[in-house]
file protein_24.cif (mmCIF, C-alpha atoms)
data_my_file
#
loop_
_atom_site.label_atom_id
_atom_site.label_comp_id
_atom_site.auth_asym_id
_atom_site.auth_seq_id
_atom_site.Cartn_x
_atom_site.Cartn_y
_atom_site.Cartn_z
CA MET A 1 49.03 -41.36 97.22
CA LEU A 2 46.93 -39.12 94.99
CA LEU A 3 46.97 -39.28 91.20
CA ARG A 4 45.69 -36.38 89.13
CA ARG A 5 45.92 -34.72 85.74
CA GLY A 6 49.54 -34.31 84.62
CA ASP A 7 50.91 -37.33 86.52
CA HIS A 8 52.52 -40.22 84.64
CA GLY A 9 54.03 -43.64 85.26
CA SER A 10 53.09 -47.22 86.06
CA LEU A 11 50.37 -46.34 88.61
CA VAL A 12 48.66 -44.09 86.08
CA ALA A 13 48.97 -46.90 83.52
CA SER A 14 47.31 -49.32 85.97
CA VAL A 15 44.39 -46.93 86.50
CA ARG A 16 44.03 -46.46 82.75
CA SER A 17 44.09 -50.23 82.16
CA THR A 18 41.35 -50.80 84.75
CA LEU A 19 39.13 -48.09 83.26
CA ALA A 20 39.69 -49.59 79.80
CA SER A 21 38.59 -53.00 81.11
CA LEU A 22 35.41 -51.30 82.35
CA THR A 23 34.87 -49.87 78.82
CA LEU A 24 35.27 -46.30 80.07
CA LEU A 25 38.36 -45.86 77.88
CA PRO A 26 39.61 -47.51 74.68
CA PRO A 27 42.55 -49.91 75.17
CA ASP A 28 46.03 -48.45 74.82
CA LEU A 29 48.29 -51.29 73.67
CA ASP A 30 51.29 -49.40 72.32
CA THR A 31 52.33 -46.99 75.07
CA PRO A 32 54.90 -48.23 77.65
CA ASP A 33 53.63 -47.95 81.24
CA SER A 34 56.29 -45.38 82.13
CA ALA A 35 55.04 -43.07 79.37
CA VAL A 36 51.31 -43.18 80.16
CA VAL A 37 50.09 -39.68 81.13
CA PHE A 38 47.08 -38.66 83.22
CA ASP A 39 45.56 -36.63 80.39
CA ASP A 40 42.16 -35.04 79.76
CA GLY A 41 40.70 -38.33 78.50
CA LEU A 42 41.76 -40.20 81.64
CA ASP A 43 40.46 -37.36 83.82
CA ALA A 44 37.05 -37.61 82.13
CA ALA A 45 37.00 -41.40 82.54
CA VAL A 46 37.91 -41.15 86.25
CA ARG A 47 35.12 -38.63 86.78
CA ALA A 48 32.64 -40.87 84.95
CA PHE A 49 33.68 -43.82 87.13
CA GLN A 50 33.37 -41.75 90.31
CA GLN A 51 29.89 -40.66 89.24
CA GLN A 52 28.86 -44.28 88.64
CA ARG A 53 30.13 -45.42 92.04
CA GLY A 54 28.67 -42.58 94.10
CA LEU A 55 32.08 -41.10 94.93
CA ILE A 56 33.06 -37.44 95.09
CA VAL A 57 33.55 -36.44 91.45
CA ASP A 58 36.88 -34.58 91.49
CA GLY A 59 38.97 -36.46 88.92
CA ILE A 60 41.53 -37.34 91.62
CA VAL A 61 42.45 -40.98 92.21
CA GLY A 62 42.77 -41.20 95.99
CA PRO A 63 42.46 -44.22 98.32
CA MET A 64 38.67 -44.57 97.98
CA THR A 65 38.64 -44.24 94.18
CA LEU A 66 41.57 -46.64 93.93
CA ARG A 67 39.80 -49.19 96.13
CA SER A 68 36.62 -48.86 94.10
CA LEU A 69 38.58 -49.36 90.87
CA ASN A 70 40.08 -52.53 92.28
CA ASP A 71 36.68 -53.79 93.47
CA ALA A 72 35.11 -53.11 90.07
CA ARG A 73 37.58 -55.40 88.30
CA TRP A 74 36.10 -58.59 89.73
CA ARG A 75 33.10 -60.62 88.60
CA VAL A 76 31.75 -63.52 90.61
CA GLY A 77 33.64 -66.68 89.66
CA ASP A 78 36.78 -64.81 88.59
CA ARG A 79 38.75 -65.87 91.69
CA MET A 80 38.57 -67.95 94.84
CA LEU A 81 36.99 -66.14 97.78
CA ALA A 82 37.49 -66.85 101.48
CA TYR A 83 37.38 -65.07 104.82
CA THR A 84 40.73 -63.70 105.95
CA LEU A 85 40.72 -62.00 109.35
CA SER A 86 43.64 -59.62 108.81
CA ALA A 87 42.64 -58.31 105.36
CA PRO A 88 39.09 -59.27 104.29
CA MET A 89 38.62 -59.65 100.53
CA THR A 90 36.49 -57.00 98.82
CA GLY A 91 35.09 -56.57 95.34
CA ASP A 92 32.04 -56.53 93.13
CA ASP A 93 32.27 -60.32 93.01
CA VAL A 94 31.82 -60.46 96.78
CA LEU A 95 28.85 -58.10 96.47
CA ALA A 96 27.28 -60.31 93.79
CA LEU A 97 27.87 -63.40 95.96
CA GLN A 98 26.17 -61.74 98.93
CA GLN A 99 23.19 -60.73 96.82
CA ARG A 100 22.87 -64.22 95.37
CA LEU A 101 23.00 -65.89 98.79
CA ALA A 102 20.41 -63.42 100.09
CA GLU A 103 18.12 -64.37 97.21
CA LEU A 104 18.48 -67.98 98.33
CA GLY A 105 17.32 -67.04 101.84
CA TYR A 106 20.66 -66.78 103.64
CA ASN A 107 21.19 -63.91 106.08
CA THR A 108 24.30 -62.23 104.72
CA GLY A 109 23.66 -58.99 106.57
CA GLN A 110 24.57 -55.76 104.80
CA THR A 111 25.49 -56.37 101.15
CA ASP A 112 28.68 -54.34 101.34
CA GLY A 113 31.11 -56.24 99.11
CA ILE A 114 33.26 -57.30 102.08
CA PHE A 115 33.86 -61.04 102.65
CA GLY A 116 33.45 -60.91 106.43
CA PRO A 117 32.27 -63.36 109.12
CA LYS A 118 28.60 -63.26 108.08
CA THR A 119 29.41 -64.00 104.44
CA ASP A 120 31.75 -66.80 105.54
CA ARG A 121 28.99 -68.33 107.67
CA CYS A 122 26.50 -68.15 104.81
CA VAL A 123 28.92 -69.77 102.35
CA ARG A 124 29.51 -72.62 104.82
CA GLU A 125 25.75 -73.05 105.36
CA PHE A 126 25.20 -73.14 101.60
CA GLN A 127 27.97 -75.71 101.17
CA ARG A 128 26.47 -77.96 103.86
CA ASP A 129 22.99 -77.61 102.35
CA ARG A 130 24.37 -78.68 98.96
CA GLY A 131 26.40 -81.59 100.30
CA LEU A 132 29.76 -79.91 99.77
CA SER A 133 32.73 -79.65 102.11
CA ASP A 134 31.95 -76.66 104.35
CA ASP A 135 35.40 -75.07 104.18
CA GLY A 136 34.07 -71.56 103.55
CA VAL A 137 36.07 -71.24 100.32
CA PHE A 138 34.02 -70.00 97.40
CA GLY A 139 35.76 -71.85 94.59
CA PRO A 140 34.76 -73.47 91.28
CA GLN A 141 32.64 -76.25 92.80
CA THR A 142 30.68 -73.92 95.10
CA PHE A 143 30.27 -71.44 92.23
CA LYS A 144 28.88 -74.22 90.02
CA GLU A 145 26.33 -75.20 92.68
CA LEU A 146 25.36 -71.56 93.19
CA THR A 147 24.65 -71.02 89.48
CA ARG A 148 22.41 -74.12 89.43
CA MET A 149 20.13 -72.83 92.18
CA GLY A 150 16.99 -70.83 91.44
CA ARG A 151 15.96 -67.83 93.50
CA MET A 152 14.02 -68.64 96.66
CA VAL A 153 13.38 -65.01 97.68
CA THR A 154 11.95 -62.67 95.05
CA GLY A 155 10.73 -59.12 95.44
CA GLY A 156 10.81 -57.07 98.62
CA ARG A 157 13.90 -56.52 100.74
CA ALA A 158 14.55 -59.48 103.00
CA GLN A 159 17.40 -57.76 104.86
CA PHE A 160 15.16 -54.78 105.64
CA LEU A 161 12.62 -57.10 107.26
CA ARG A 162 15.37 -58.67 109.39
CA GLU A 163 16.75 -55.29 110.47
CA GLN A 164 13.25 -53.94 111.11
CA GLN A 165 12.40 -56.94 113.27
CA THR A 166 15.60 -56.47 115.27
CA ALA A 167 14.66 -52.83 115.89
CA ARG A 168 11.15 -53.86 116.94
CA ARG A 169 12.54 -56.37 119.43
CA ARG A 170 14.60 -53.58 120.99
CA GLY A 171 11.31 -51.83 121.83
CA PRO A 172 10.15 -48.22 121.41
CA GLY A 173 12.01 -46.87 124.45
CA LEU A 174 15.41 -45.21 124.13
CA ARG A 175 16.87 -46.25 127.48
CA GLY A 176 19.80 -48.64 127.11
CA LYS A 177 20.27 -48.16 123.38
CA ARG A 178 23.87 -47.55 122.31
CA ILE A 179 24.53 -44.71 119.88
CA VAL A 180 27.88 -43.72 118.44
CA LEU A 181 28.18 -40.06 117.42
CA ASP A 182 30.87 -39.23 114.88
CA PRO A 183 31.85 -35.55 114.59
CA ALA A 184 33.54 -35.30 111.19
CA LEU A 185 37.09 -34.00 110.67
CA GLY A 186 39.18 -33.28 113.78
CA GLY A 187 42.72 -32.41 114.81
CA ASP A 188 44.49 -30.28 112.22
CA ASP A 189 41.75 -30.97 109.67
CA THR A 190 39.37 -28.09 110.25
CA GLY A 191 37.38 -28.54 107.06
CA TRP A 192 35.79 -25.39 105.65
CA GLU A 193 36.56 -22.17 107.56
CA VAL A 194 34.61 -18.94 106.99
CA ASP A 195 34.29 -15.82 109.18
CA GLY A 196 35.83 -17.49 112.21
CA LEU A 197 33.65 -20.60 111.99
CA CYS A 198 35.08 -24.00 111.05
CA ALA A 199 33.33 -27.24 110.17
CA ARG A 200 35.43 -29.29 112.61
CA ASP A 201 34.30 -27.32 115.67
CA LEU A 202 30.66 -27.02 114.60
CA SER A 203 30.30 -30.77 114.03
CA PHE A 204 31.85 -31.46 117.44
CA ASP A 205 29.59 -28.89 119.14
CA ILE A 206 26.44 -30.41 117.64
CA ALA A 207 27.63 -33.89 118.61
CA ARG A 208 28.08 -32.80 122.23
CA ARG A 209 24.63 -31.21 122.31
CA LEU A 210 23.13 -34.40 120.91
CA GLU A 211 25.15 -36.49 123.36
CA GLY A 212 23.70 -34.56 126.30
CA ARG A 213 20.15 -35.04 125.10
CA MET A 214 20.62 -38.74 124.44
CA THR A 215 22.18 -39.29 127.85
CA ALA A 216 19.18 -37.56 129.47
CA THR A 217 16.86 -40.12 127.87
CA GLY A 218 18.91 -43.04 129.24
CA MET A 219 20.80 -43.86 126.06
CA GLU A 220 24.49 -44.83 126.10
CA THR A 221 26.48 -42.56 123.85
CA PHE A 222 30.04 -42.72 122.53
CA LEU A 223 32.05 -40.19 120.50
CA THR A 224 34.47 -41.42 117.85
CA ARG A 225 36.95 -38.63 118.57
CA GLY A 226 38.04 -35.95 120.99
CA GLN A 227 38.60 -32.34 120.01
CA ARG A 228 42.27 -32.88 119.06
CA GLU A 229 41.87 -36.25 117.32
CA ASN A 230 41.20 -37.11 113.69
CA PRO A 231 40.81 -40.89 113.26
CA THR A 232 40.33 -42.40 109.83
CA GLN A 233 36.85 -43.45 108.75
CA ALA A 234 37.86 -47.08 109.27
CA GLU A 235 39.01 -46.33 112.82
CA ARG A 236 35.76 -44.52 113.56
CA ALA A 237 33.81 -47.53 112.30
CA GLU A 238 35.94 -49.77 114.55
CA VAL A 239 34.86 -47.72 117.57
CA ALA A 240 31.20 -48.34 116.75
CA ASN A 241 31.76 -52.05 116.13
CA ALA A 242 33.78 -52.46 119.35
CA VAL A 243 30.98 -51.10 121.57
CA ASP A 244 28.32 -53.10 119.70
CA ALA A 245 26.36 -49.93 118.94
CA ASP A 246 22.76 -49.90 117.76
CA LEU A 247 23.32 -46.91 115.46
CA LEU A 248 26.10 -44.63 114.21
CA ILE A 249 25.35 -41.01 113.32
CA SER A 250 28.09 -39.01 111.61
CA LEU A 251 27.78 -35.22 111.63
CA ASN A 252 29.38 -32.91 109.06
CA VAL A 253 29.22 -29.30 107.94
CA ASP A 254 29.96 -28.80 104.26
CA GLY A 255 31.21 -26.03 101.99
CA CYS A 256 31.52 -25.28 98.29
CA ALA A 257 33.38 -22.98 95.92
CA SER A 258 30.00 -21.47 95.04
CA PRO A 259 28.21 -19.46 97.77
CA LEU A 260 24.90 -20.57 96.23
CA ALA A 261 25.28 -24.16 97.45
CA GLU A 262 23.09 -24.70 100.52
CA GLY A 263 20.93 -27.17 102.36
CA ILE A 264 20.93 -30.43 104.29
CA ALA A 265 21.60 -33.91 102.93
CA ALA A 266 21.53 -37.35 104.55
CA PHE A 267 23.58 -40.34 103.45
CA HIS A 268 23.36 -44.08 104.08
CA PHE A 269 25.47 -46.94 102.79
CA GLY A 270 24.68 -48.05 99.27
CA THR A 271 26.21 -48.67 95.87
CA ASP A 272 24.88 -48.40 92.34
CA ALA A 273 25.65 -52.11 92.06
CA GLY A 274 22.78 -52.78 94.45
CA GLY A 275 24.20 -52.99 97.97
CA SER A 276 22.32 -50.99 100.59
CA SER A 277 21.84 -50.57 104.32
CA THR A 278 18.07 -50.69 104.51
CA LEU A 279 17.51 -49.57 108.10
CA GLY A 280 20.24 -46.99 107.59
CA GLU A 281 18.25 -45.67 104.65
CA THR A 282 15.15 -45.43 106.84
CA LEU A 283 17.03 -43.55 109.58
CA ALA A 284 18.59 -41.18 107.06
CA ALA A 285 15.13 -40.35 105.68
CA LEU A 286 13.72 -39.75 109.18
CA ILE A 287 16.56 -37.43 110.16
CA GLN A 288 16.34 -35.57 106.86
CA ARG A 289 12.61 -34.97 107.32
CA GLU A 290 12.88 -33.82 110.93
CA VAL A 291 15.85 -31.49 110.50
CA VAL A 292 14.55 -29.91 107.29
CA ALA A 293 11.13 -29.35 108.88
CA ARG A 294 12.70 -27.63 111.90
CA THR A 295 15.41 -25.56 110.17
CA HIS A 296 13.66 -24.78 106.86
CA PHE A 297 16.98 -25.39 105.09
CA VAL A 298 16.90 -26.55 101.48
CA ASP A 299 16.19 -30.28 101.24
CA CYS A 300 19.12 -31.90 99.40
CA ARG A 301 17.47 -35.29 99.97
CA VAL A 302 18.68 -38.73 101.00
CA GLN A 303 21.45 -40.37 99.00
CA HIS A 304 23.53 -43.53 99.09
CA ARG A 305 27.32 -43.53 99.28
CA PRO A 306 30.01 -46.24 99.65
CA TRP A 307 32.03 -44.27 102.22
CA ASP A 308 33.94 -46.34 104.79
CA ILE A 309 32.17 -44.72 107.75
CA LEU A 310 28.92 -46.18 106.36
CA ARG A 311 30.30 -49.36 104.78
CA LEU A 312 32.48 -50.77 107.57
CA THR A 313 30.00 -50.43 110.42
CA GLN A 314 28.10 -53.52 111.53
CA MET A 315 25.03 -51.50 112.48
CA PRO A 316 22.85 -48.98 110.60
CA ALA A 317 24.92 -45.85 109.99
CA VAL A 318 24.13 -42.45 108.50
CA ARG A 319 25.96 -39.22 107.78
CA ILE A 320 24.22 -35.86 107.90
CA ASP A 321 25.62 -32.79 106.11
CA LEU A 322 24.14 -29.90 108.09
CA GLY A 323 24.42 -26.99 105.69
CA TYR A 324 27.17 -25.07 103.90
CA LEU A 325 29.49 -22.69 105.73
CA THR A 326 30.14 -20.98 102.40
CA ASN A 327 26.47 -20.00 102.07
CA PRO A 328 25.69 -16.76 103.96
CA GLY A 329 22.26 -17.91 105.14
CA ASN A 330 23.39 -21.37 106.28
CA ARG A 331 26.46 -19.85 107.97
CA ALA A 332 24.44 -17.28 109.91
CA ALA A 333 22.13 -20.02 111.17
CA LEU A 334 24.95 -22.40 112.14
CA ALA A 335 26.60 -19.62 114.14
CA ARG A 336 23.60 -19.49 116.52
CA GLU A 337 23.52 -21.83 119.51
CA GLU A 338 19.73 -22.10 119.43
CA PHE A 339 19.92 -23.30 115.84
CA ARG A 340 22.41 -26.03 116.79
CA ASP A 341 20.07 -27.02 119.62
CA THR A 342 17.26 -27.30 117.07
CA VAL A 343 19.37 -29.59 114.90
CA ALA A 344 20.20 -31.81 117.88
CA ASP A 345 16.50 -32.00 118.83
CA GLY A 346 15.54 -33.01 115.30
CA ILE A 347 18.12 -35.81 115.11
CA LEU A 348 17.10 -37.22 118.50
CA VAL A 349 13.40 -37.21 117.59
CA ALA A 350 14.24 -38.99 114.31
CA VAL A 351 16.01 -41.74 116.25
CA LYS A 352 12.93 -42.04 118.45
CA ARG A 353 10.73 -42.35 115.37
CA LEU A 354 12.92 -45.20 114.10
CA TYR A 355 12.02 -47.25 117.18
CA LEU A 356 8.41 -46.09 117.33
CA ASP A 357 8.06 -47.50 113.80
CA GLY A 358 4.78 -45.70 113.15
CA ARG A 359 3.29 -46.27 116.59
CA ASP A 360 1.54 -43.13 117.95
CA GLU A 361 3.83 -40.79 116.04
CA PRO A 362 3.27 -37.02 116.28
CA HIS A 363 3.63 -34.98 113.11
CA THR A 364 7.09 -34.29 111.72
CA GLY A 365 8.73 -31.25 113.30
CA THR A 366 6.27 -31.04 116.23
CA PHE A 367 7.73 -33.52 118.75
CA THR A 368 9.90 -31.46 121.13
CA PHE A 369 12.79 -32.61 123.30
CA SER A 370 10.67 -31.89 126.38
CA ASP A 371 7.86 -34.06 124.99
CA LEU A 372 10.29 -36.86 124.26
CA LEU A 373 11.92 -36.68 127.70
CA ALA A 374 8.53 -36.76 129.39
CA TYR A 375 7.51 -39.74 127.25
CA GLU A 376 10.67 -41.65 128.20
CA GLN A 377 10.30 -40.85 131.92
CA THR A 378 6.66 -41.95 131.91
CA ARG A 379 7.56 -45.17 130.12
CA THR A 380 10.40 -45.92 132.55
CA ALA A 381 8.14 -45.30 135.56
CA ALA A 382 5.51 -47.66 134.11
CA ILE A 383 8.10 -50.42 133.71
#
call {"tool": "encode", "arguments": {"input": "protein_24.cif", "output": "structure tokens"}}
result
Amino acid sequence: MLLRRGDHGSLVASVRSTLASLTLLPPDLDTPDSAVVFDDGLDAAVRAFQQQRGLIVDGIVGPMTLRSLNDARWRVGDRMLAYTLSAPMTGDDVLALQQRLAELGYNTGQTDGIFGPKTDRCVREFQRDRGLSDDGVFGPQTFKELTRMGRMVTGGRAQFLREQQTARRRGPGLRGKRIVLDPALGGDDTGWEVDGLCARDLSFDIARRLEGRMTATGMETFLTRGQRENPTQAERAEVANAVDADLLISLNVDGCASPLAEGIAAFHFGTDAGGSSTLGETLAALIQREVVARTHFVDCRVQHRPWDILRLTQMPAVRIDLGYLTNPGNRAALAREEFRDTVADGILVAVKRLYLDGRDEPHTGTFTFSDLLAYEQTRTAAI
């Protein structure tokens, strides 16, 4: 359900109450819930909240904004936390708990605000270390012990070191690595359509070109959808988790009301509250550099977002927005097959750079698909 300017009722009142608790609106104590209206003031507050949380700033309260509003209500210690398989608990309190445990040296994985198996394991380890019953429930007693502990890890990014070491152990070769490719949109959702081109088909075409190149290097590749399918972001993340992928790369073509909007942007999981996928951030930066260098599109830089396709994956995940169909120059380039081949080459080389990790790297934009294929074949023959 979407809430927007002009709506009224109890759901609008709930949104207003949450924003007031976050000091984005003054409290409204006199108006009955049924009479609360989604007015200009509430629209401005919703947009301010969306800006703070890294969401699309449209003033519309959809599922993601509603979930973020609910998550923002909680502070660590406000409620009991525990792992529930069917519906994991989420919230800023979970995010703060994960960050605190990470500072104490526990491997919580991605600080995503989801009380999942890794967070449950870390809570139990902490409880055992502190002589508490290791029931995995973060209640008053565990909270009290947590607040008494001083930080054991300061500075740096411990999770990045863990993820980097995992990537190093996988070796510099691409053979055997599992990559999930996620063409955005799908089914009846065509995305932006201009001059006979649509974002849905372009993202799928680039994904198939990239799939062919990755397969040639010995990588295992999986697509999150067929041409007629449009799974939710959560379902796409489930595909990647089910195959135990090493990476997920989501591909999208954007558009805008203004024809002046143009360029390429890369996204990794992250929140303004401090959660971040560190290796995902590294991969996003590598892809951004390679594709911009090869296409000469405007560099819209690397950014963090809390989108489900990035948040719910158990491996580093990125989304790449490969230009604007509404921009004449970007559109003309995207219409050419050789350009889409160039994009696929750049993304593949960036993945290779992630595993090379600085070892014998050629300059950005100069490593060709032929060079990479020859490198992989030589390496396989040597093994």
call {"tool": "closest_residue", "arguments": {"input": "protein_24.cif", "among": "A:Ala199, A:Leu81, A:Val318, A:Met219", "to": "Leu334 in chain A", "atoms": "only C-alpha atoms"}}
result
A:Ala199
call {"tool": "residues_around", "arguments": {"input": "protein_24.cif", "residues": "range 118-122 of chain A", "least_positions_apart": "4", "cutoff": "9 Å", "atoms": "only C-alpha atoms", "output": "number ranges by chain"}}
result
A: 82-83, 94, 97-98, 101, 106-109, 114, 126-127, 136-137
call {"tool": "closest_atom_pairs", "arguments": {"input": "protein_24.cif", "of": "range 300-362 of chain A", "to": "range 227-246 of chain A", "cutoff": "7 Å", "atoms": "all atoms listed in the file", "output": "tab-separated table"}}
result
residue	atom	partner	partner_atom	distance
A:Asp308	CA	A:Gln233	CA	5.7
A:Ile309	CA	A:Gln233	CA	5.0
A:Leu312	CA	A:Ala237	CA	5.9
A:Thr313	CA	A:Ala237	CA	5.1
A:Gln314	CA	A:Asn241	CA	6.1
A:Met315	CA	A:Asp246	CA	6.0
call {"tool": "write_last_selection", "arguments": {"input": "protein_24.cif", "atoms": "C-alpha atoms", "output": "compact mmCIF listing (two decimals), keeping the file's coordinate frame"}}
result
# COMPACT_ATOMS: atom_id res chain seq x y z
CA ASP A 308 33.94 -46.34 104.79
CA ILE A 309 32.17 -44.72 107.75
CA LEU A 312 32.48 -50.77 107.57
CA THR A 313 30.00 -50.43 110.42
CA GLN A 314 28.10 -53.52 111.53
CA MET A 315 25.03 -51.50 112.48
call {"tool": "resolve_selection", "arguments": {"input": "protein_24.cif", "expression": "the PyMOL selection byres ((chain A and resi 269) around 7)", "output": "list in words"}}
result
Phe267, His268, Gly270, Ser276, Ser277, His304, Arg305, Pro306, Leu310 and Arg311 of chain A
call {"tool": "resolve_selection", "arguments": {"input": "protein_24.cif", "expression": "the PyMOL selection byres ((chain A and resi 333) around 12)", "output": "CSV table (one decimal) with C-alpha atoms, in the coordinates of the input"}}
result
chain,number,residue,atom,x,y,z
A,197,LEU,CA,33.6,-20.6,112.0
A,202,LEU,CA,30.7,-27.0,114.6
A,262,GLU,CA,23.1,-24.7,100.5
A,263,GLY,CA,20.9,-27.2,102.4
A,295,THR,CA,15.4,-25.6,110.2
A,296,HIS,CA,13.7,-24.8,106.9
A,297,PHE,CA,17.0,-25.4,105.1
A,322,LEU,CA,24.1,-29.9,108.1
A,323,GLY,CA,24.4,-27.0,105.7
A,324,TYR,CA,27.2,-25.1,103.9
A,325,LEU,CA,29.5,-22.7,105.7
A,326,THR,CA,30.1,-21.0,102.4
A,327,ASN,CA,26.5,-20.0,102.1
A,328,PRO,CA,25.7,-16.8,104.0
A,329,GLY,CA,22.3,-17.9,105.1
A,330,ASN,CA,23.4,-21.4,106.3
A,331,ARG,CA,26.5,-19.8,108.0
A,332,ALA,CA,24.4,-17.3,109.9
A,334,LEU,CA,25.0,-22.4,112.1
A,335,ALA,CA,26.6,-19.6,114.1
A,336,ARG,CA,23.6,-19.5,116.5
A,337,GLU,CA,23.5,-21.8,119.5
A,338,GLU,CA,19.7,-22.1,119.4
A,339,PHE,CA,19.9,-23.3,115.8
A,340,ARG,CA,22.4,-26.0,116.8
A,341,ASP,CA,20.1,-27.0,119.6
A,342,THR,CA,17.3,-27.3,117.1
A,343,VAL,CA,19.4,-29.6,114.9
call {"tool": "resolve_selection", "arguments": {"input": "protein_24.cif", "expression": "the PyMOL selection byres ((chain A and resi 211) around 12)", "output": "PDB file with C-alpha atoms, keeping the file's coordinate frame"}}
result
ATOM      1  CA  ARG A 178      23.870 -47.550 122.310  1.00  0.00           C
ATOM      2  CA  ILE A 179      24.530 -44.710 119.880  1.00  0.00           C
ATOM      3  CA  VAL A 180      27.880 -43.720 118.440  1.00  0.00           C
ATOM      4  CA  LEU A 181      28.180 -40.060 117.420  1.00  0.00           C
ATOM      5  CA  ASP A 182      30.870 -39.230 114.880  1.00  0.00           C
ATOM      6  CA  PRO A 183      31.850 -35.550 114.590  1.00  0.00           C
ATOM      7  CA  PHE A 204      31.850 -31.460 117.440  1.00  0.00           C
ATOM      8  CA  ASP A 205      29.590 -28.890 119.140  1.00  0.00           C
ATOM      9  CA  ILE A 206      26.440 -30.410 117.640  1.00  0.00           C
ATOM     10  CA  ALA A 207      27.630 -33.890 118.610  1.00  0.00           C
ATOM     11  CA  ARG A 208      28.080 -32.800 122.230  1.00  0.00           C
ATOM     12  CA  ARG A 209      24.630 -31.210 122.310  1.00  0.00           C
ATOM     13  CA  LEU A 210      23.130 -34.400 120.910  1.00  0.00           C
ATOM     14  CA  GLY A 212      23.700 -34.560 126.300  1.00  0.00           C
ATOM     15  CA  ARG A 213      20.150 -35.040 125.100  1.00  0.00           C
ATOM     16  CA  MET A 214      20.620 -38.740 124.440  1.00  0.00           C
ATOM     17  CA  THR A 215      22.180 -39.290 127.850  1.00  0.00           C
ATOM     18  CA  ALA A 216      19.180 -37.560 129.470  1.00  0.00           C
ATOM     19  CA  THR A 217      16.860 -40.120 127.870  1.00  0.00           C
ATOM     20  CA  GLY A 218      18.910 -43.040 129.240  1.00  0.00           C
ATOM     21  CA  MET A 219      20.800 -43.860 126.060  1.00  0.00           C
ATOM     22  CA  GLU A 220      24.490 -44.830 126.100  1.00  0.00           C
ATOM     23  CA  THR A 221      26.480 -42.560 123.850  1.00  0.00           C
ATOM     24  CA  PHE A 222      30.040 -42.720 122.530  1.00  0.00           C
ATOM     25  CA  LEU A 223      32.050 -40.190 120.500  1.00  0.00           C
ATOM     26  CA  THR A 224      34.470 -41.420 117.850  1.00  0.00           C
ATOM     27  CA  ILE A 249      25.350 -41.010 113.320  1.00  0.00           C
ATOM     28  CA  ASP A 341      20.070 -27.020 119.620  1.00  0.00           C
ATOM     29  CA  ALA A 344      20.200 -31.810 117.880  1.00  0.00           C
ATOM     30  CA  ASP A 345      16.500 -32.000 118.830  1.00  0.00           C
ATOM     31  CA  ILE A 347      18.120 -35.810 115.110  1.00  0.00           C
ATOM     32  CA  LEU A 348      17.100 -37.220 118.500  1.00  0.00           C
TER      33      LEU A 348
END
call {"tool": "atom_distance", "arguments": {"input": "protein_24.cif", "atom1": "CA of Asp92 in chain A", "atom2": "CA of Arg16 in chain A"}}
result
18.8 Å
call {"tool": "closest_residue", "arguments": {"input": "protein_24.cif", "among": "A:Gly59, A:Pro26, A:Pro140, A:Gly255", "to": "Gly191 in chain A", "atoms": "all atoms listed in the file"}}
result
A:Gly255
call {"tool": "closest_residue", "arguments": {"input": "protein_24.cif", "among": "A:Asp30, A:Gly173, A:Gly187, A:Gln110", "to": "Ala374 in chain A", "atoms": "only C-alpha atoms"}}
result
A:Gly173
call {"tool": "residues_near_point", "arguments": {"input": "protein_24.cif", "point": "(11.0, -37.3, 109.5)", "cutoff": "10 Å", "atoms": "all atoms listed in the file", "output": "list of chain:residue names"}}
result
A:Thr282, A:Leu283, A:Ala284, A:Ala285, A:Leu286, A:Ile287, A:Gln288, A:Arg289, A:Glu290, A:Val291, A:Val292, A:Ala293, A:Gly346, A:Ile347, A:Val349, A:Ala350, A:Val351, A:Arg353, A:Leu354, A:His363, A:Thr364, A:Gly365
call {"tool": "atom_distance", "arguments": {"input": "protein_24.cif", "atom1": "CA of Leu185 in chain A", "atom2": "CA of Gln50 in chain A"}}
result
22.1 Å
call {"tool": "closest_residue", "arguments": {"input": "protein_24.cif", "among": "A:Pro117, A:Thr142, A:Leu247, A:Gly186", "to": "Pro88 in chain A", "atoms": "all atoms listed in the file"}}
result
A:Pro117
call {"tool": "atom_distance", "arguments": {"input": "protein_24.cif", "atom1": "CA of Phe49 in chain A", "atom2": "CA of Gly113 in chain A"}}
result
17.4 Å
call {"tool": "axis_aligned_box", "arguments": {"input": "protein_24.cif", "around": "range 74-91 of chain A", "padding_each_side": "6 Å", "output": "AutoDock Vina command-line options"}}
result
--center_x 37.7 --center_y -62.3 --center_z 99.0 --size_x 23.9 --size_y 23.4 --size_z 32.8
call {"tool": "closest_residue", "arguments": {"input": "protein_24.cif", "among": "A:Arg53, A:Arg319, A:Arg294, A:Arg5", "to": "Leu248 in chain A", "atoms": "all atoms listed in the file"}}
result
A:Arg319
